[in-house]
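Content type mmCIF, C-alpha atoms, pLDDT in the B column; chains and numbers go by the auth columns, from the file data_24.cif:
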```
data_model
#
loop_
_atom_site.group_PDB
_atom_site.id
_atom_site.type_symbol
_atom_site.label_atom_id
_atom_site.label_comp_id
_atom_site.label_asym_id
_atom_site.label_seq_id
_atom_site.Cartn_x
_atom_site.Cartn_y
_atom_site.Cartn_z
_atom_site.B_iso_or_equiv
_atom_site.auth_seq_id
_atom_site.auth_asym_id
ATOM 1 C CA LYS A 1 3.364 5.324 -20.027 96.00 1 A
ATOM 2 C CA VAL A 2 0.941 8.244 -20.452 97.00 2 A
ATOM 3 C CA ILE A 3 3.497 9.953 -22.715 97.00 3 A
ATOM 4 C CA THR A 4 4.009 6.788 -24.756 98.00 4 A
ATOM 5 C CA ALA A 5 0.245 6.348 -24.991 98.00 5 A
ATOM 6 C CA ALA A 6 -0.213 9.887 -26.319 98.00 6 A
ATOM 7 C CA ALA A 7 2.459 9.357 -28.976 98.00 7 A
ATOM 8 C CA ALA A 8 0.911 6.023 -29.953 98.00 8 A
ATOM 9 C CA ILE A 9 -2.551 7.574 -30.309 98.00 9 A
ATOM 10 C CA GLU A 10 -1.205 10.131 -32.777 98.00 10 A
ATOM 11 C CA HIS A 11 1.205 7.885 -34.716 98.00 11 A
ATOM 12 C CA LEU A 12 0.031 4.262 -34.533 98.00 12 A
ATOM 13 C CA ASP A 13 -3.147 2.279 -35.225 98.00 13 A
ATOM 14 C CA VAL A 14 -4.052 1.854 -31.564 98.00 14 A
ATOM 15 C CA ALA A 15 -7.657 0.890 -32.384 97.00 15 A
ATOM 16 C CA ASN A 16 -6.302 -2.418 -33.675 97.00 16 A
ATOM 17 C CA PHE A 17 -3.472 -2.800 -31.166 97.00 17 A
ATOM 18 C CA SER A 18 -3.361 -6.156 -29.433 97.00 18 A
ATOM 19 C CA PHE A 19 -0.692 -7.755 -27.283 98.00 19 A
ATOM 20 C CA HIS A 20 -0.287 -11.027 -25.432 98.00 20 A
ATOM 21 C CA CYS A 21 1.767 -10.595 -22.262 98.00 21 A
ATOM 22 C CA THR A 22 3.501 -13.676 -20.880 98.00 22 A
ATOM 23 C CA GLY A 23 5.194 -11.705 -18.100 97.00 23 A
ATOM 24 C CA SER A 24 8.431 -11.004 -19.968 97.00 24 A
ATOM 25 C CA MET A 25 9.888 -10.436 -23.421 97.00 25 A
ATOM 26 C CA GLU A 26 13.343 -10.410 -25.006 97.00 26 A
ATOM 27 C CA LEU A 27 14.456 -7.077 -26.402 96.00 27 A
ATOM 28 C CA GLY A 28 17.819 -5.720 -27.511 95.00 28 A
ATOM 29 C CA GLY A 29 19.797 -8.495 -25.878 95.00 29 A
ATOM 30 C CA GLY A 30 17.997 -8.110 -22.557 97.00 30 A
ATOM 31 C CA LYS A 31 14.612 -8.706 -20.968 97.00 31 A
ATOM 32 C CA ILE A 32 11.551 -6.543 -20.274 97.00 32 A
ATOM 33 C CA THR A 33 9.568 -7.878 -17.313 96.00 33 A
ATOM 34 C CA CYS A 34 6.100 -7.335 -15.896 95.00 34 A
ATOM 35 C CA THR A 35 4.858 -8.000 -12.374 90.00 35 A
ATOM 36 C CA SER A 36 2.690 -10.812 -13.777 94.00 36 A
ATOM 37 C CA ALA A 37 1.506 -12.327 -17.045 97.00 37 A
ATOM 38 C CA HIS A 38 -1.313 -10.047 -18.206 97.00 38 A
ATOM 39 C CA GLY A 39 -2.526 -12.230 -21.067 98.00 39 A
ATOM 40 C CA ASP A 40 -4.392 -10.705 -24.020 98.00 40 A
ATOM 41 C CA LEU A 41 -4.589 -6.909 -23.956 98.00 41 A
ATOM 42 C CA ASP A 42 -5.962 -4.162 -26.140 98.00 42 A
ATOM 43 C CA PHE A 43 -4.577 -0.627 -25.989 98.00 43 A
ATOM 44 C CA ALA A 44 -6.706 0.532 -23.046 98.00 44 A
ATOM 45 C CA GLY A 45 -6.054 -2.715 -21.216 98.00 45 A
ATOM 46 C CA ALA A 46 -2.297 -2.296 -21.619 98.00 46 A
ATOM 47 C CA LEU A 47 -2.496 1.026 -19.753 98.00 47 A
ATOM 48 C CA ALA A 48 -4.950 -0.243 -17.147 97.00 48 A
ATOM 49 C CA HIS A 49 -2.632 -3.157 -16.304 96.00 49 A
ATOM 50 C CA SER A 50 0.487 -0.997 -16.742 96.00 50 A
ATOM 51 C CA CYS A 51 2.002 -3.699 -18.950 97.00 51 A
ATOM 52 C CA ASN A 52 5.720 -3.043 -19.387 97.00 52 A
ATOM 53 C CA CYS A 53 6.009 -5.487 -22.271 98.00 53 A
ATOM 54 C CA ALA A 54 3.184 -3.858 -24.238 98.00 54 A
ATOM 55 C CA PHE A 55 4.544 -0.359 -23.702 98.00 55 A
ATOM 56 C CA ALA A 56 8.082 -1.414 -24.566 98.00 56 A
ATOM 57 C CA THR A 57 6.658 -2.746 -27.829 98.00 57 A
ATOM 58 C CA LEU A 58 4.910 0.571 -28.481 98.00 58 A
ATOM 59 C CA ALA A 59 8.129 2.457 -27.697 97.00 59 A
ATOM 60 C CA GLU A 60 10.048 0.381 -30.221 97.00 60 A
ATOM 61 C CA GLN A 61 7.395 1.044 -32.869 97.00 61 A
ATOM 62 C CA LEU A 62 7.489 4.785 -32.179 98.00 62 A
ATOM 63 C CA GLY A 63 11.264 5.217 -31.897 97.00 63 A
ATOM 64 C CA GLY A 64 13.322 7.326 -29.521 95.00 64 A
ATOM 65 C CA ALA A 65 13.082 10.595 -31.443 96.00 65 A
ATOM 66 C CA THR A 66 9.280 10.509 -31.441 97.00 66 A
ATOM 67 C CA LEU A 67 9.127 9.758 -27.733 96.00 67 A
ATOM 68 C CA GLN A 68 11.518 12.608 -26.980 96.00 68 A
ATOM 69 C CA SER A 69 9.364 15.045 -28.952 96.00 69 A
ATOM 70 C CA TYR A 70 6.324 14.055 -26.899 97.00 70 A
ATOM 71 C CA VAL A 71 8.190 14.386 -23.604 96.00 71 A
ATOM 72 C CA GLU A 72 9.240 17.881 -24.688 95.00 72 A
ATOM 73 C CA GLY A 73 5.745 18.753 -25.937 94.00 73 A
ATOM 74 C CA ALA A 74 4.305 17.730 -22.577 95.00 74 A
ATOM 75 C CA GLY A 75 6.614 20.182 -20.795 93.00 75 A
ATOM 76 C CA LEU A 76 8.348 17.488 -18.749 94.00 76 A
ATOM 77 C CA LEU A 77 11.872 18.590 -19.680 94.00 77 A
ATOM 78 C CA SER A 78 11.403 22.154 -18.433 91.00 78 A
ATOM 79 C CA GLY A 79 11.161 23.623 -14.970 91.00 79 A
ATOM 80 C CA VAL A 80 7.819 25.034 -13.837 89.00 80 A
ATOM 81 C CA ASN A 81 7.739 28.559 -12.407 88.00 81 A
ATOM 82 C CA ILE A 82 5.476 28.611 -9.360 86.00 82 A
ATOM 83 C CA ASN A 83 5.204 31.955 -7.583 80.00 83 A
ATOM 84 C CA GLY A 84 8.805 32.822 -8.403 84.00 84 A
ATOM 85 C CA TYR A 85 10.222 29.365 -7.648 88.00 85 A
ATOM 86 C CA THR A 86 11.459 27.300 -10.589 93.00 86 A
ATOM 87 C CA THR A 87 11.300 23.552 -10.153 93.00 87 A
ATOM 88 C CA ALA A 88 13.981 21.126 -11.320 94.00 88 A
ATOM 89 C CA SER A 89 13.800 20.038 -14.943 94.00 89 A
ATOM 90 C CA GLY A 90 13.082 16.496 -16.031 94.00 90 A
ATOM 91 C CA SER A 91 15.223 14.402 -18.369 93.00 91 A
ATOM 92 C CA PHE A 92 14.824 11.819 -21.108 92.00 92 A
ATOM 93 C CA ASP A 93 17.803 10.022 -22.645 91.00 93 A
ATOM 94 C CA VAL A 94 17.117 9.036 -26.247 90.00 94 A
ATOM 95 C CA ALA A 95 18.149 5.397 -26.444 92.00 95 A
ATOM 96 C CA GLU A 96 18.997 3.614 -29.672 94.00 96 A
ATOM 97 C CA ASN A 97 16.085 2.212 -31.640 94.00 97 A
ATOM 98 C CA GLY A 98 15.775 -1.517 -31.054 94.00 98 A
ATOM 99 C CA SER A 99 17.541 -1.326 -27.700 96.00 99 A
ATOM 100 C CA LEU A 100 16.471 -2.625 -24.311 97.00 100 A
ATOM 101 C CA GLU A 101 16.930 0.896 -22.925 96.00 101 A
ATOM 102 C CA LEU A 102 14.406 2.364 -25.363 96.00 102 A
ATOM 103 C CA GLY A 103 11.881 -0.260 -24.317 97.00 103 A
ATOM 104 C CA TRP A 104 12.311 0.583 -20.650 95.00 104 A
ATOM 105 C CA SER A 105 12.194 4.341 -21.304 95.00 105 A
ATOM 106 C CA GLY A 106 8.798 3.876 -22.967 95.00 106 A
ATOM 107 C CA CYS A 107 7.620 2.377 -19.665 94.00 107 A
ATOM 108 C CA GLY A 108 8.881 5.373 -17.677 91.00 108 A
ATOM 109 C CA GLN A 109 12.033 3.643 -16.424 90.00 109 A
ATOM 110 C CA TYR A 110 15.664 3.697 -17.740 89.00 110 A
ATOM 111 C CA ASN A 111 16.970 7.248 -17.038 89.00 111 A
ATOM 112 C CA ASP A 112 13.578 9.015 -17.189 90.00 112 A
ATOM 113 C CA LEU A 113 13.175 11.771 -14.600 91.00 113 A
ATOM 114 C CA VAL A 114 10.106 13.936 -14.008 94.00 114 A
ATOM 115 C CA ASN A 115 9.267 16.674 -11.538 94.00 115 A
ATOM 116 C CA PRO A 116 5.927 16.349 -9.704 94.00 116 A
ATOM 117 C CA ALA A 117 5.005 19.963 -10.553 94.00 117 A
ATOM 118 C CA ALA A 118 5.468 19.310 -14.268 95.00 118 A
ATOM 119 C CA MET A 119 3.436 16.128 -13.989 96.00 119 A
ATOM 120 C CA LEU A 120 0.682 18.023 -12.162 96.00 120 A
ATOM 121 C CA THR A 121 0.551 20.559 -14.998 95.00 121 A
ATOM 122 C CA LEU A 122 0.385 17.754 -17.560 97.00 122 A
ATOM 123 C CA MET A 123 -2.520 16.088 -15.730 97.00 123 A
ATOM 124 C CA GLY A 124 -4.407 19.370 -15.751 96.00 124 A
ATOM 125 C CA CYS A 125 -3.743 19.795 -19.471 97.00 125 A
ATOM 126 C CA ILE A 126 -5.008 16.304 -20.284 98.00 126 A
ATOM 127 C CA ALA A 127 -8.169 17.029 -18.302 97.00 127 A
ATOM 128 C CA GLY A 128 -8.542 20.396 -20.071 96.00 128 A
ATOM 129 C CA ASP A 129 -8.127 19.080 -23.632 96.00 129 A
ATOM 130 C CA GLY A 130 -4.642 20.565 -23.889 96.00 130 A
ATOM 131 C CA LYS A 131 -4.577 23.494 -21.485 94.00 131 A
ATOM 132 C CA ALA A 132 -4.761 24.079 -17.747 93.00 132 A
ATOM 133 C CA ALA A 133 -3.943 26.490 -14.972 88.00 133 A
ATOM 134 C CA THR A 134 -0.293 26.564 -13.965 86.00 134 A
ATOM 135 C CA PRO A 135 0.149 25.364 -10.351 85.00 135 A
ATOM 136 C CA ARG A 136 0.477 28.047 -7.670 81.00 136 A
ATOM 137 C CA LEU A 137 1.399 28.010 -4.002 78.00 137 A
ATOM 138 C CA LEU A 138 -1.329 28.502 -1.437 70.00 138 A
ATOM 139 C CA SER A 139 -0.056 31.388 0.646 61.00 139 A
ATOM 140 C CA LYS A 140 -3.110 31.942 2.822 52.00 140 A
ATOM 141 C CA VAL A 141 -5.575 29.463 4.282 48.00 141 A
ATOM 142 C CA THR A 142 -9.113 30.817 4.144 55.00 142 A
ATOM 143 C CA SER A 143 -11.198 27.656 4.470 58.00 143 A
ATOM 144 C CA GLN A 144 -11.059 24.264 6.128 60.00 144 A
ATOM 145 C CA SER A 145 -9.815 22.757 2.871 60.00 145 A
ATOM 146 C CA GLY A 146 -6.970 25.266 2.623 59.00 146 A
ATOM 147 C CA LEU A 147 -8.316 26.880 -0.531 59.00 147 A
ATOM 148 C CA PRO A 148 -8.253 30.690 -0.859 57.00 148 A
ATOM 149 C CA ALA A 149 -11.533 32.500 -1.303 52.00 149 A
ATOM 150 C CA GLY A 150 -12.491 34.369 -4.451 51.00 150 A
ATOM 151 C CA ILE A 151 -11.285 34.076 -8.020 49.00 151 A
ATOM 152 C CA ILE A 152 -7.626 33.180 -8.486 55.00 152 A
ATOM 153 C CA SER A 153 -5.773 34.830 -11.353 52.00 153 A
ATOM 154 C CA THR A 154 -3.310 32.290 -12.718 65.00 154 A
ATOM 155 C CA ASP A 155 -1.192 31.604 -15.768 76.00 155 A
ATOM 156 C CA THR A 156 -2.228 29.013 -18.319 87.00 156 A
ATOM 157 C CA SER A 157 -0.098 26.088 -19.448 90.00 157 A
ATOM 158 C CA THR A 158 -0.552 24.185 -22.704 92.00 158 A
ATOM 159 C CA ILE A 159 0.714 20.971 -24.275 94.00 159 A
ATOM 160 C CA ASP A 160 1.304 20.256 -27.942 91.00 160 A
ATOM 161 C CA TRP A 161 -1.178 17.378 -28.248 95.00 161 A
ATOM 162 C CA GLN A 162 -4.435 17.170 -30.174 96.00 162 A
ATOM 163 C CA SER A 163 -7.565 17.687 -28.083 97.00 163 A
ATOM 164 C CA SER A 164 -8.845 14.310 -29.317 97.00 164 A
ATOM 165 C CA THR A 165 -5.694 12.690 -27.898 98.00 165 A
ATOM 166 C CA CYS A 166 -6.408 14.231 -24.501 98.00 166 A
ATOM 167 C CA GLN A 167 -9.998 13.044 -24.683 98.00 167 A
ATOM 168 C CA GLN A 168 -8.940 9.468 -25.435 98.00 168 A
ATOM 169 C CA LEU A 169 -6.484 9.583 -22.523 98.00 169 A
ATOM 170 C CA GLN A 170 -9.288 10.851 -20.283 98.00 170 A
ATOM 171 C CA GLN A 171 -11.332 7.774 -21.161 98.00 171 A
ATOM 172 C CA MET A 172 -8.387 5.421 -20.706 98.00 172 A
ATOM 173 C CA MET A 173 -7.391 6.864 -17.334 98.00 173 A
ATOM 174 C CA ARG A 174 -11.004 6.674 -16.188 98.00 174 A
ATOM 175 C CA ASN A 175 -10.965 3.019 -17.218 98.00 175 A
ATOM 176 C CA ASP A 176 -7.809 2.555 -15.102 98.00 176 A
ATOM 177 C CA VAL A 177 -9.745 3.502 -11.981 97.00 177 A
ATOM 178 C CA LEU A 178 -12.866 1.530 -12.830 97.00 178 A
ATOM 179 C CA THR A 179 -11.075 -1.699 -13.766 96.00 179 A
ATOM 180 C CA THR A 180 -7.846 -1.673 -11.756 95.00 180 A
ATOM 181 C CA TYR A 181 -7.520 0.843 -8.916 96.00 181 A
ATOM 182 C CA GLY A 182 -11.060 0.719 -7.538 94.00 182 A
ATOM 183 C CA GLN A 183 -13.694 3.450 -7.703 96.00 183 A
ATOM 184 C CA GLU A 184 -14.918 2.783 -4.163 95.00 184 A
ATOM 185 C CA GLN A 185 -12.050 4.669 -2.514 94.00 185 A
ATOM 186 C CA PHE A 186 -13.034 7.855 -4.380 96.00 186 A
ATOM 187 C CA GLY A 187 -16.734 7.801 -3.531 94.00 187 A
ATOM 188 C CA ASP A 188 -18.780 9.468 -6.261 94.00 188 A
ATOM 189 C CA LEU A 189 -15.815 11.379 -7.748 96.00 189 A
ATOM 190 C CA PRO A 190 -15.155 10.365 -11.382 98.00 190 A
ATOM 191 C CA VAL A 191 -11.394 10.074 -10.959 98.00 191 A
ATOM 192 C CA CYS A 192 -9.067 9.405 -13.903 98.00 192 A
ATOM 193 C CA ALA A 193 -5.617 8.206 -12.885 98.00 193 A
ATOM 194 C CA LYS A 194 -2.371 6.362 -13.536 98.00 194 A
ATOM 195 C CA SER A 195 -0.117 4.790 -10.939 95.00 195 A
ATOM 196 C CA GLY A 196 3.668 4.766 -11.114 93.00 196 A
ATOM 197 C CA THR A 197 6.608 2.976 -9.534 90.00 197 A
ATOM 198 C CA ALA A 198 9.800 5.015 -9.878 88.00 198 A
ATOM 199 C CA GLU A 199 12.973 2.978 -9.431 85.00 199 A
ATOM 200 C CA VAL A 200 15.661 4.817 -7.463 84.00 200 A
ATOM 201 C CA GLY A 201 18.377 2.193 -7.053 76.00 201 A
ATOM 202 C CA SER A 202 18.783 -1.480 -6.333 73.00 202 A
ATOM 203 C CA SER A 203 18.948 -1.065 -2.552 75.00 203 A
ATOM 204 C CA ALA A 204 16.120 1.446 -2.060 86.00 204 A
ATOM 205 C CA ALA A 205 12.377 0.973 -2.283 90.00 205 A
ATOM 206 C CA PRO A 206 10.885 2.733 -5.332 89.00 206 A
ATOM 207 C CA HIS A 207 8.985 5.988 -5.071 92.00 207 A
ATOM 208 C CA ALA A 208 5.226 5.493 -5.271 94.00 208 A
ATOM 209 C CA TRP A 209 3.305 7.749 -7.673 96.00 209 A
ATOM 210 C CA PHE A 210 -0.394 8.263 -8.326 97.00 210 A
ATOM 211 C CA VAL A 211 -1.410 11.020 -10.750 98.00 211 A
ATOM 212 C CA GLY A 212 -4.606 12.126 -12.401 98.00 212 A
ATOM 213 C CA PHE A 213 -7.624 14.400 -12.223 98.00 213 A
ATOM 214 C CA VAL A 214 -11.330 14.496 -11.444 97.00 214 A
ATOM 215 C CA ASP A 215 -13.470 14.537 -14.594 96.00 215 A
ATOM 216 C CA ASP A 216 -16.129 16.796 -13.138 95.00 216 A
ATOM 217 C CA ALA A 217 -16.660 20.512 -13.809 92.00 217 A
ATOM 218 C CA ALA A 218 -17.896 20.951 -10.236 93.00 218 A
ATOM 219 C CA HIS A 219 -14.596 19.579 -8.874 93.00 219 A
ATOM 220 C CA PRO A 220 -11.938 20.471 -11.477 93.00 220 A
ATOM 221 C CA TYR A 221 -8.921 19.113 -9.608 94.00 221 A
ATOM 222 C CA ALA A 222 -5.729 17.611 -10.933 96.00 222 A
ATOM 223 C CA PHE A 223 -3.473 15.843 -8.452 96.00 223 A
ATOM 224 C CA VAL A 224 -0.084 14.219 -7.976 97.00 224 A
ATOM 225 C CA SER A 225 0.677 12.042 -4.967 97.00 225 A
ATOM 226 C CA VAL A 226 4.287 10.928 -4.435 96.00 226 A
ATOM 227 C CA ILE A 227 5.549 8.888 -1.499 95.00 227 A
ATOM 228 C CA GLN A 228 9.325 8.750 -1.263 93.00 228 A
ATOM 229 C CA ASN A 229 10.426 5.093 -1.157 92.00 229 A
ATOM 230 C CA GLY A 230 6.755 4.221 -0.751 89.00 230 A
ATOM 231 C CA GLY A 231 6.700 1.112 -2.933 83.00 231 A
ATOM 232 C CA GLY A 232 3.502 0.432 -4.887 75.00 232 A
ATOM 233 C CA GLY A 233 1.941 3.449 -6.521 76.00 233 A
ATOM 234 C CA ALA A 234 -1.722 2.443 -6.591 85.00 234 A
ATOM 235 C CA SER A 235 -1.854 0.980 -3.094 85.00 235 A
ATOM 236 C CA GLN A 236 0.209 3.610 -1.284 90.00 236 A
ATOM 237 C CA ALA A 237 0.121 6.895 -3.221 94.00 237 A
ATOM 238 C CA GLY A 238 -3.378 6.134 -4.504 94.00 238 A
ATOM 239 C CA ALA A 239 -4.710 5.873 -0.952 94.00 239 A
ATOM 240 C CA VAL A 240 -3.194 9.268 -0.082 95.00 240 A
ATOM 241 C CA ALA A 241 -4.713 10.859 -3.194 96.00 241 A
ATOM 242 C CA ALA A 242 -8.138 9.441 -2.306 96.00 242 A
ATOM 243 C CA THR A 243 -7.923 10.773 1.257 95.00 243 A
ATOM 244 C CA VAL A 244 -6.985 14.280 0.114 94.00 244 A
ATOM 245 C CA LEU A 245 -9.577 14.464 -2.669 95.00 245 A
ATOM 246 C CA ASN A 246 -12.385 13.277 -0.418 93.00 246 A
ATOM 247 C CA ALA A 247 -11.344 15.775 2.299 92.00 247 A
ATOM 248 C CA VAL A 248 -11.282 18.691 -0.156 90.00 248 A
ATOM 249 C CA VAL A 249 -14.711 17.872 -1.587 89.00 249 A
ATOM 250 C CA THR A 250 -16.195 17.387 1.886 87.00 250 A
ATOM 251 C CA ALA A 251 -14.873 20.748 3.013 79.00 251 A
ATOM 252 C CA GLU A 252 -16.292 22.669 0.054 73.00 252 A
#
```
Translate this structure into structure tokens?
Amino acid sequence: KVITAAAAIEHLDVANFSFHCTGSMELGGGKITCTSAHGDLDFAGALAHSCNCAFATLAEQLGGATLQSYVEGAGLLSGVNINGYTTASGSFDVAENGSLELGWSGCGQYNDLVNPAAMLTLMGCIAGDGKAATPRLLSKVTSQSGLPAGIISTDTSTIDWQSSTCQQLQQMMRNDVLTTYGQEQFGDLPVCAKSGTAEVGSSAAPHAWFVGFVDDAAHPYAFVSVIQNGGGGASQAGAVAATVLNAVVTAE
């Protein structure tokens, strides 16, 4: 949904976007469903409530080719080289415009695949107005938090989005925490985040995701928390992210 939101910011009139969610909608001969009826939503509210119906609507307005270009521009279709190890690439199948599959792909479902390392890089780039340090492996523990001492020389990654788009996403993801996920679990850290529920088959519990960053120059951390078959992203992976972030800041 973060990818779809970025594309919508740059191609649609999101300032005047409004949507009424009844919990489901017909699309392409099938049905898009939400976990509940969200009611009246603006653009920021659609992300905060992770409304599948609203984001399927945005995906249909944008079209498959536009969404694919934004997935590519975010680096999610390429492997990330981390200390000589190249991660698996992501994938995005361009579904036909007007189809149920396109609607679901705009929600992060259908056949969408993403590697956590690529998502971590993207979160850093959103926080950095389009650029961030490329992830690296910690090879030596030098403090209680596990962070090496001294200045780390690292490569820089970039995404092909306008800095104003990143700044609007920063505000929206901050709103996610304040209105939906709960600031109290993060203490005083101004966390910006998005939860995710990655379907992996009808008989298996979904993977729980929670991604984001801390909007604070004193604690410039991006994070990705993934729990295999963990279920709900905000409740499960979000709790892990909060525990790790609070431990790192305490140990500094």
Nearest to Ile159 (chain A), chosen from A:Val177, A:Ala217, A:Ala193, A:Val71, with only C-alpha atoms counted in the distances: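 Checking each of A:Val177, A:Ala217, A:Ala193, A:Val71 against Ile159 (chain A), counting only C-alpha atoms, the winner is A:Val71.
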I'd like the neighbourhood of region 235-244 of chain A as a short mmCIF file (atom, residue, chain, number, x, y, z; two decimals) with C-alpha atoms, in the frame of the given file, where a residue qualifies if any of its atoms comes within 6 Å (using only C-alpha atoms), though same-chain residues fewer than 5 positions away should be ignored.
```
data_model
loop_
_atom_site.label_atom_id
_atom_site.label_comp_id
_atom_site.auth_asym_id
_atom_site.auth_seq_id
_atom_site.Cartn_x
_atom_site.Cartn_y
_atom_site.Cartn_z
CA PHE A 186 -13.03 7.86 -4.38
CA ALA A 208 5.23 5.49 -5.27
CA TRP A 209 3.30 7.75 -7.67
CA PHE A 210 -0.39 8.26 -8.33
CA SER A 225 0.68 12.04 -4.97
CA VAL A 226 4.29 10.93 -4.43
#
```
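Proximity to region 120-122 of chain A at 7 Å, evaluated using all atoms listed in the file and with sequence-adjacent residues fewer than 4 positions away removed, yields Ala74, Pro116, Ile126, Ala132, Thr134, Pro135, Ala222, Phe223 and Val224 of chain A.
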Emit as JSON the padded axis-aligned box for all listed atoms of region 44-52 of chain A, 4 Å per side, with centre and edge lengths in Å to one decimal.
```
{"center_x": -0.5, "center_y": -1.3, "center_z": -19.7, "size_x": 20.4, "size_y": 12.7, "size_z": 14.7}
```
Selection result for the PyMOL selection byres ((chain A and resi 47) around 9) on this file, as number ranges by chain: A: 1-2, 5, 42-46, 48-51, 54-55, 172-173, 176, 194
Polymer residues at most 10 Å from (15.0, 1.5, -23.3) by only C-alpha atoms, as JSON, numbers by chain: {"A": [27, 28, 32, 56, 59, 60, 64, 93, 94, 95, 96, 97, 98, 99, 100, 101, 102, 103, 104, 105, 106, 107, 108, 109, 110, 111, 112]}
For Thr180 (chain A), the nearest of the candidates A:Val248, A:Leu137, A:Gln68, A:Ala234, counting all atoms listed in the file: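 Under the stated criterion, the closest residue is A:Ala234.
Going from CA of Leu67 (chain A) over to CA of Gly90 (chain A), you cover 14.1 Å.
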Using all atoms listed in the file: which of A:Gln162, A:Phe17, A:Arg136, A:Gly23 has the shortest distance to Gly84 (chain A):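 That would be A:Arg136, the residue with the smallest distance to Gly84 (chain A).
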Å distance separating CA of Asp40 (chain A) from CA of Thr4 (chain A), one decimal place: 19.4 Å
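Atom to atom, CA of Asp129 (chain A) and CA of Gln167 (chain A) stand 6.4 Å apart.
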Residues matched by the PyMOL selection byres ((chain A and resi 128) around 10), written as a PyMOL selection string: chain A and resi 122-127+129-133+158+163+166-167+170+213+215+220+222
Selection dump of the PyMOL selection byres ((chain A and resi 218) around 12), as a ChimeraX atom specification: /A:189-190,214-217,219-221,249,252
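Among A:Thr179, A:Ser78, A:Asn229, A:Thr33, the residue with the shortest atom-to-atom distance to Asn115 (chain A), counting all atoms listed in the file, is A:Ser78.
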Using all atoms listed in the file: which of A:Leu58, A:Leu76, A:Ala6, A:Val191 has the shortest distance to Arg174 (chain A): A:Val191
